[in-house]
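File shown: coords-v3.cif. Contents: mmCIF, C-alpha atoms.
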data_structure
loop_
_atom_site.label_atom_id
_atom_site.label_comp_id
_atom_site.auth_asym_id
_atom_site.auth_seq_id
_atom_site.Cartn_x
_atom_site.Cartn_y
_atom_site.Cartn_z
CA MET G 288 7.85 153.10 18.98
CA GLU G 289 4.72 154.49 20.58
CA THR G 290 4.96 157.82 22.35
CA ARG G 291 4.39 157.27 26.05
CA ILE G 292 1.65 159.27 27.77
CA LYS G 293 1.85 160.75 31.26
CA ILE G 294 -1.31 162.17 32.80
CA CYS G 295 -0.41 164.67 35.48
CA CYS G 296 -2.25 166.40 38.36
CA ILE G 297 -4.05 163.19 39.34
CA HIS G 298 -6.40 164.03 42.22
CA ASP G 299 -7.52 160.63 43.51
CA ILE G 300 -7.55 156.89 42.91
CA ARG G 301 -10.50 157.14 40.53
CA GLU G 302 -8.66 159.58 38.25
CA ALA G 303 -5.62 157.31 38.32
CA GLU G 304 -7.77 154.36 37.25
CA THR G 305 -9.32 156.42 34.42
CA ALA G 306 -5.91 157.51 33.16
CA MET G 307 -4.65 153.93 33.13
CA ARG G 308 -7.80 152.62 31.47
CA TYR G 309 -7.31 155.05 28.59
CA GLY G 310 -3.69 154.02 28.08
CA ALA G 311 -1.49 156.22 30.28
CA SER G 312 1.90 154.70 31.03
CA ALA G 313 2.58 157.17 33.85
CA ILE G 314 0.65 159.35 36.29
CA GLY G 315 1.82 162.55 37.94
CA LEU G 316 1.08 163.21 41.62
CA VAL G 317 1.68 166.84 42.54
CA ALA G 318 2.86 167.65 46.06
CA ALA G 319 2.94 171.13 47.59
CA MET G 320 3.95 173.83 45.10
CA PRO G 321 4.41 177.61 45.28
CA SER G 322 1.79 177.98 42.53
CA GLY G 323 -0.17 176.01 39.94
CA PRO G 324 -2.96 173.41 39.88
CA GLY G 325 -3.34 169.96 41.30
CA PRO G 326 -1.41 169.63 44.59
CA ILE G 327 -2.61 166.86 46.89
CA PRO G 328 -1.43 165.76 50.38
CA ASP G 329 1.58 163.46 50.64
CA GLU G 330 -0.54 160.78 52.32
CA LEU G 331 -2.90 160.71 49.32
CA ILE G 332 0.07 160.48 46.97
CA ARG G 333 1.24 157.47 48.93
CA GLN G 334 -2.21 155.84 48.76
CA ILE G 335 -2.49 156.34 44.99
CA ALA G 336 1.05 155.06 44.42
CA ALA G 337 0.34 151.99 46.55
CA THR G 338 -2.75 151.08 44.51
CA THR G 339 -1.17 151.67 41.09
CA PRO G 340 -0.01 148.40 39.53
CA PRO G 341 3.27 147.94 37.72
CA PRO G 342 4.38 148.75 35.06
CA ILE G 343 2.66 152.15 35.47
CA ALA G 344 5.12 154.84 36.56
CA THR G 345 4.04 156.93 39.56
CA PHE G 346 5.71 160.35 39.56
CA LEU G 347 6.10 162.37 42.75
CA LEU G 348 6.30 166.03 41.67
CA THR G 349 8.40 167.68 44.35
CA SER G 350 9.43 171.32 44.65
CA ARG G 351 12.08 170.48 47.23
CA THR G 352 15.56 171.25 45.97
CA SER G 353 18.07 169.65 48.34
CA VAL G 354 18.89 165.97 47.99
CA ARG G 355 18.27 165.40 51.70
CA GLU G 356 14.77 166.93 51.53
CA ILE G 357 13.91 165.09 48.30
CA ILE G 358 14.86 161.78 49.91
CA GLU G 359 12.70 162.60 52.93
CA HIS G 360 9.81 163.52 50.64
CA HIS G 361 10.07 160.26 48.74
CA ARG G 362 10.00 158.27 51.96
CA LEU G 363 6.61 159.85 52.72
CA THR G 364 5.13 158.86 49.35
CA HIS G 365 6.86 155.74 47.98
CA THR G 366 6.41 156.51 44.29
CA ASN G 367 8.64 154.72 41.79
CA THR G 368 9.72 157.97 40.11
CA ILE G 369 10.69 161.42 41.38
CA GLN G 370 10.08 164.49 39.21
CA ILE G 371 12.16 167.42 40.45
CA VAL G 372 10.42 170.57 39.24
CA ASP G 373 13.07 173.09 40.30
CA ALA G 374 16.87 173.15 40.07
CA LEU G 375 18.87 171.22 42.66
CA SER G 376 20.27 173.60 45.26
CA GLU G 377 22.20 171.14 47.39
CA GLY G 378 23.62 167.70 46.67
CA THR G 379 24.01 165.76 43.44
CA TYR G 380 21.97 163.40 41.29
CA ALA G 381 24.53 160.68 42.01
CA GLU G 382 23.87 161.05 45.75
CA LEU G 383 20.13 160.89 45.14
CA LYS G 384 20.41 157.72 43.03
CA SER G 385 22.70 156.10 45.58
CA ALA G 386 20.21 156.77 48.38
CA LEU G 387 17.18 155.61 46.36
CA PRO G 388 18.24 152.67 44.18
CA GLY G 389 15.52 151.58 41.80
CA VAL G 390 13.74 154.95 41.89
CA LYS G 391 13.87 156.84 38.59
CA ILE G 392 14.95 160.49 38.65
CA VAL G 393 13.36 162.94 36.21
CA GLN G 394 14.51 166.56 36.16
CA VAL G 395 12.25 169.32 34.82
CA VAL G 396 13.87 171.96 32.63
CA HIS G 397 11.73 175.02 31.95
CA VAL G 398 12.40 176.00 28.33
CA LEU G 399 12.68 179.77 28.54
CA ARG G 400 15.42 180.74 26.10
CA GLU G 401 18.36 179.51 24.02
CA GLU G 402 20.39 178.77 27.17
CA SER G 403 17.82 176.13 28.16
CA VAL G 404 19.21 173.82 25.47
CA GLU G 405 22.67 173.69 27.02
CA GLU G 406 21.20 173.31 30.51
CA ALA G 407 18.98 170.41 29.49
CA VAL G 408 21.71 168.57 27.60
CA ARG G 409 24.09 168.90 30.55
CA ILE G 410 21.52 167.60 33.06
CA SER G 411 20.53 164.74 30.74
CA ARG G 412 23.86 163.05 31.42
CA SER G 413 22.99 162.58 35.11
CA VAL G 414 19.30 161.62 35.26
CA ASP G 415 16.95 158.96 33.91
CA ALA G 416 14.87 161.45 31.91
CA ILE G 417 14.32 165.16 31.50
CA LEU G 418 10.92 166.81 31.24
CA LEU G 419 10.62 170.02 29.22
CA ASP G 420 8.00 172.38 30.63
CA SER G 421 6.86 176.00 30.33
CA GLY G 422 7.15 177.34 33.87
CA ASN G 423 9.35 180.17 35.10
CA PRO G 424 11.32 179.52 38.29
CA ASN G 425 12.79 183.05 38.13
CA LEU G 426 9.55 184.81 39.14
CA ARG G 427 8.94 186.07 42.67
CA VAL G 428 6.30 183.35 43.02
CA LYS G 429 7.86 180.50 41.11
CA GLU G 430 5.94 178.82 38.28
CA LEU G 431 7.08 175.21 38.31
CA GLY G 432 4.48 173.62 36.03
CA GLY G 433 0.79 173.52 35.20
CA THR G 434 0.87 176.87 33.39
CA GLY G 435 -1.09 175.74 30.33
CA ARG G 436 1.45 177.59 28.15
CA VAL G 437 3.30 176.23 25.14
CA HIS G 438 7.03 176.92 24.85
CA ASN G 439 9.31 176.95 21.81
CA TRP G 440 9.13 173.42 20.41
CA GLN G 441 12.09 174.07 18.12
CA LEU G 442 14.27 174.44 21.20
CA SER G 443 12.70 171.27 22.61
CA ARG G 444 13.54 169.39 19.42
CA ARG G 445 17.17 170.47 19.65
CA ILE G 446 17.26 169.26 23.24
CA ARG G 447 15.73 165.93 22.27
CA GLU G 448 18.29 165.49 19.47
CA GLN G 449 21.24 166.15 21.80
CA ALA G 450 20.04 164.70 25.11
CA SER G 451 21.64 161.62 26.64
CA CYS G 452 18.36 160.34 28.11
CA PRO G 453 14.66 160.16 27.18
CA VAL G 454 12.77 163.45 26.88
CA PHE G 455 9.23 164.12 28.12
CA LEU G 456 7.43 167.08 26.53
CA ALA G 457 4.99 169.12 28.64
CA GLY G 458 3.55 172.63 28.59
CA GLY G 459 0.17 173.59 27.18
CA LEU G 460 -0.49 170.28 25.43
CA LYS G 461 -4.09 169.44 24.54
CA PRO G 462 -6.00 167.40 21.95
CA GLU G 463 -5.82 170.27 19.46
CA ASN G 464 -2.02 170.59 19.41
CA VAL G 465 -0.43 167.38 20.69
CA LYS G 466 -0.12 165.84 17.22
CA GLU G 467 1.86 168.84 15.97
CA ALA G 468 3.96 168.82 19.13
CA ILE G 469 4.94 165.18 18.67
CA GLU G 470 5.64 165.61 14.96
CA THR G 471 7.85 168.61 15.75
CA VAL G 472 9.78 167.32 18.78
CA GLU G 473 9.44 163.51 18.55
CA PRO G 474 9.71 163.10 22.34
CA PHE G 475 9.86 159.84 24.24
CA ALA G 476 6.68 160.87 26.08
CA VAL G 477 4.12 163.65 26.36
CA ASP G 478 2.80 165.01 29.66
CA VAL G 479 -0.60 166.66 30.04
CA CYS G 480 -2.51 168.24 32.93
CA SER G 481 -5.03 171.02 32.22
CA GLY G 482 -5.45 170.03 28.56
CA VAL G 483 -7.56 166.98 29.49
CA ARG G 484 -9.54 168.59 32.31
CA THR G 485 -12.86 170.44 32.57
CA ASN G 486 -13.44 172.58 35.66
CA GLY G 487 -10.36 170.98 37.18
CA LEU G 488 -11.60 167.41 36.79
CA LEU G 489 -10.21 164.76 34.46
CA ASP G 490 -12.45 164.72 31.38
CA ALA G 491 -12.71 161.28 29.77
CA GLU G 492 -13.84 162.71 26.43
CA LYS G 493 -10.85 165.09 26.23
CA LEU G 494 -8.54 162.34 27.43
CA GLY G 495 -9.78 160.00 24.72
CA ARG G 496 -9.27 162.64 22.02
CA PHE G 497 -5.80 163.45 23.35
CA ILE G 498 -4.69 159.84 23.21
CA SER G 499 -6.20 159.40 19.73
CA GLU G 500 -4.16 162.38 18.51
CA VAL G 501 -1.00 160.96 20.07
CA ARG G 502 -1.51 157.70 18.21
CA ALA G 503 -2.24 159.58 14.97
CA ALA G 504 1.08 161.37 15.37
CA ASP G 505 2.84 158.06 15.95
CA ARG G 506 1.44 156.74 12.67
CA THR G 507 2.71 159.83 10.84
CA ILE G 508 6.21 159.56 12.30
CA HIS G 509 6.69 155.81 12.20
#

Since I need it in another form, could you write the structure as structure tokens?
Amino acid sequence: METRIKICCIHDIREAETAMRYGASAIGLVAAMPSGPGPIPDELIRQIAATTPPPIATFLLTSRTSVREIIEHHRLTHTNTIQIVDALSEGTYAELKSALPGVKIVQVVHVLREESVEEAVRISRSVDAILLDSGNPNLRVKELGGTGRVHNWQLSRRIREQASCPVFLAGGLKPENVKEAIETVEPFAVDVCSGVRTNGLLDAEKLGRFISEVRAADRTIH
């Protein structure tokens, strides 16, 4: 099975088209965040989602943490997937799925320490996928993604082995390390932002190399 590729921090329709042309199966559209790169207005997220053909997954990255606010946010953007980048503070995943049938729910788990394994495995029973990233929601100004840092892939592998749903791997991935990351973790999908950008813009040459390395890893594994 080929590793899926999600290109995150998409800025506009042109970047979305480039990502799809190079083989991305999902694009990430970052809404307002306390920190990190790539946020765009909700109206632009809605425009990009509306012009993205199926079967490409359009991910709304939301930092809202109550089910009510997440539902409201989705109704402004109409993506087919919601990526929750912080822990739920109010409501349940079951309530969210009931309110938004047909919309996939992906929960980010920031892999900080040993306890992250138990957290991720528990959450995996309630969502459509989990995404393992390298932020730190415990800081005064929360880091909820886009850090460019790699986390402990051995912990990520243990999560992938025990999880009840597909696992996306993010955090500091780039053409130079994505093959090793896939061979170590064997995720369902990889997620990249800064690793395929130059001066903040999507770089077709880096993107091409990244995808070539993903496919090389697939050949090694399968």

May I ask which of the residues G:Glu382, G:Glu330, G:Glu467, G:Glu401 is the closest one to Ser413 (chain G), counting only C-alpha atoms?
G:Glu382

Quick check on the file I pasted: which residues fall under the PyMOL selection byres ((chain G and resi 439-442) around 7)? Write them as an mmCIF file with C-alpha atoms, in the frame of the given file.
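Here's the written file result-v7.cif:
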data_model
loop_
_atom_site.group_PDB
_atom_site.id
_atom_site.type_symbol
_atom_site.label_atom_id
_atom_site.label_comp_id
_atom_site.auth_asym_id
_atom_site.auth_seq_id
_atom_site.Cartn_x
_atom_site.Cartn_y
_atom_site.Cartn_z
ATOM 1 C CA VAL G 404 19.210 173.820 25.470
ATOM 2 C CA VAL G 437 3.300 176.230 25.140
ATOM 3 C CA HIS G 438 7.030 176.920 24.850
ATOM 4 C CA SER G 443 12.700 171.270 22.610
ATOM 5 C CA ARG G 444 13.540 169.390 19.420
ATOM 6 C CA ARG G 445 17.170 170.470 19.650
ATOM 7 C CA ILE G 446 17.260 169.260 23.240
ATOM 8 C CA THR G 471 7.850 168.610 15.750
ATOM 9 C CA VAL G 472 9.780 167.320 18.780
#

My list of candidates is G:Glu402, G:Ile343, G:Met320, G:Val390. Which is closest to Ala306 (chain G) when distances are computed with all atoms listed in the file?
G:Ile343

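Between His397 (chain G) and the candidates G:Leu348, G:Ala457, G:Ala311, G:Leu363, the tightest atom-to-atom separation, counting all atoms listed in the file, involves G:Ala457.
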
re CA of Ala313 (chain G) and CA of Thr364 (chain G): distance 15.8 Å

Test item: the PyMOL selection byres ((chain G and resi 291) around 6) resolved as a PyMOL selection string
chain G and resi 290+292+476

Expected selection from the PyMOL selection byres ((chain G and resi 368) around 7), given as number ranges by chain
G: 344-347, 366-367, 369-370, 390-392

Could you write out that same residue set with C-alpha atoms as a PDB file, in the frame of the given file?
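File written: again-v2.pdb
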ATOM      1  CA  ALA G 344       5.120 154.840  36.560  1.00  0.00           C
ATOM      2  CA  THR G 345       4.040 156.930  39.560  1.00  0.00           C
ATOM      3  CA  PHE G 346       5.710 160.350  39.560  1.00  0.00           C
ATOM      4  CA  LEU G 347       6.100 162.370  42.750  1.00  0.00           C
ATOM      5  CA  THR G 366       6.410 156.510  44.290  1.00  0.00           C
ATOM      6  CA  ASN G 367       8.640 154.720  41.790  1.00  0.00           C
ATOM      7  CA  ILE G 369      10.690 161.420  41.380  1.00  0.00           C
ATOM      8  CA  GLN G 370      10.080 164.490  39.210  1.00  0.00           C
ATOM      9  CA  VAL G 390      13.740 154.950  41.890  1.00  0.00           C
ATOM     10  CA  LYS G 391      13.870 156.840  38.590  1.00  0.00           C
ATOM     11  CA  ILE G 392      14.950 160.490  38.650  1.00  0.00           C
TER      12      ILE G 392
END

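Going from CA of Ala468 (chain G) to CA of Leu456 (chain G) covers 8.4 Å.
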
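The closest residue to His509 (chain G), picked from G:Cys295, G:Leu331, G:Met307, G:Ile469 and counting only C-alpha atoms, is G:Ile469.
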